[in-house]
Amino acid sequence: LGRKLPEWMPQLRGRRVLVVSGNEARRNHWLAMLRWAGIETIAATNCDEAQGILASSQPDAIVIEDSPCFRRMLEQITCPPTIPVLFVFNLETTGNQAPELPEWIKGQLHTPFGDLTLWTELAKLWGLVAETSVAPEASGNLHFNAHVLMVEDNDTNRLILEQILGTLGCSVRHANNGMAALAASHDVPLVGGDLSRGDKIAVSVTVWGAPGPS
């Protein structure tokens, strides 16, 4: 799908961002979005690892998600970082009390979010775009009111596909295997290529009422 990217996109290239996330699927997804924009990336799984990286490296921004180690750091920190920080409310934050964020955290995001949203928030941190700007639409005028059954057992693929489908106006239900798919209702099935043959046959039963070709 073609899309018009903002004029400030080339100014992101060559900048360095430290991503701090204990969730491997989310961390890899965010790293991939940043690299697509030409941003150099550094990854840390927790705050202690991030502090070790910061002792020897100076990124242009930090993207850090909510976590127990982050909340402990908020209580202990005495010298705020001079590097712009973008805080992410993650999926596990839902239902829990959100932390009170200090003034030195300059940006916020809520998962799930798409690549343009991430790039726009970083551009705001770096003064490349006005604070009131919103992320451009990722999908032009395309909009489908479809209920998609996603049969995918890879967490990273699931996150990426769900965000793409969300920009197209689709609602998504998940199934990790073919048996779970049998009980799900949907308009369109989306089947992962790495599923076992048995799972693919189970999905074909839900679509065509009979096993698919061997």
# chains A, B, ... in the order shown; residues from 1 in each chain; ligands from 1
call {"tool": "residues_around", "arguments": {"residues": "Gly14 (chain A)", "least_positions_apart": "5", "cutoff": "10 Å", "atoms": "only C-alpha atoms", "output": "count of residues only"}}
result
7
call {"tool": "closest_residue", "arguments": {"among": "A:Pro68, A:Leu165, A:Val20, A:Val63", "to": "Gly107 (chain A)", "atoms": "only C-alpha atoms"}}
result
A:Val63
call {"tool": "residues_around", "arguments": {"residues": "Leu125 (chain A)", "least_positions_apart": "3", "cutoff": "12 Å", "atoms": "only C-alpha atoms", "output": "PyMOL selection string"}}
result
chain A and resi 12+17+60-63+83-87+104-108+118-122+128-133
call {"tool": "closest_residue", "arguments": {"among": "A:Leu5, A:Leu116, A:Val151, A:Leu161", "to": "Met33 (chain A)", "atoms": "only C-alpha atoms"}}
result
A:Leu116
call {"tool": "select_by_dssp", "arguments": {"residues": "region 13-47 of chain A", "states": "alpha helix (DSSP H)", "output": "list in words"}}
result
Glu24, Ala25, Arg26, Arg27, Asn28, His29, Trp30, Leu31, Ala32, Met33, Leu34, Arg35, Trp36 and Cys47 of chain A
call {"tool": "closest_residue", "arguments": {"among": "A:Trp126, A:Leu34, A:Cys69, A:Leu159", "to": "Asn46 (chain A)", "atoms": "only C-alpha atoms"}}
result
A:Cys69
call {"tool": "closest_residue", "arguments": {"among": "A:Val172, A:Trp30, A:Ser57, A:Glu49", "to": "Thr117 (chain A)", "atoms": "only C-alpha atoms"}}
result
A:Trp30
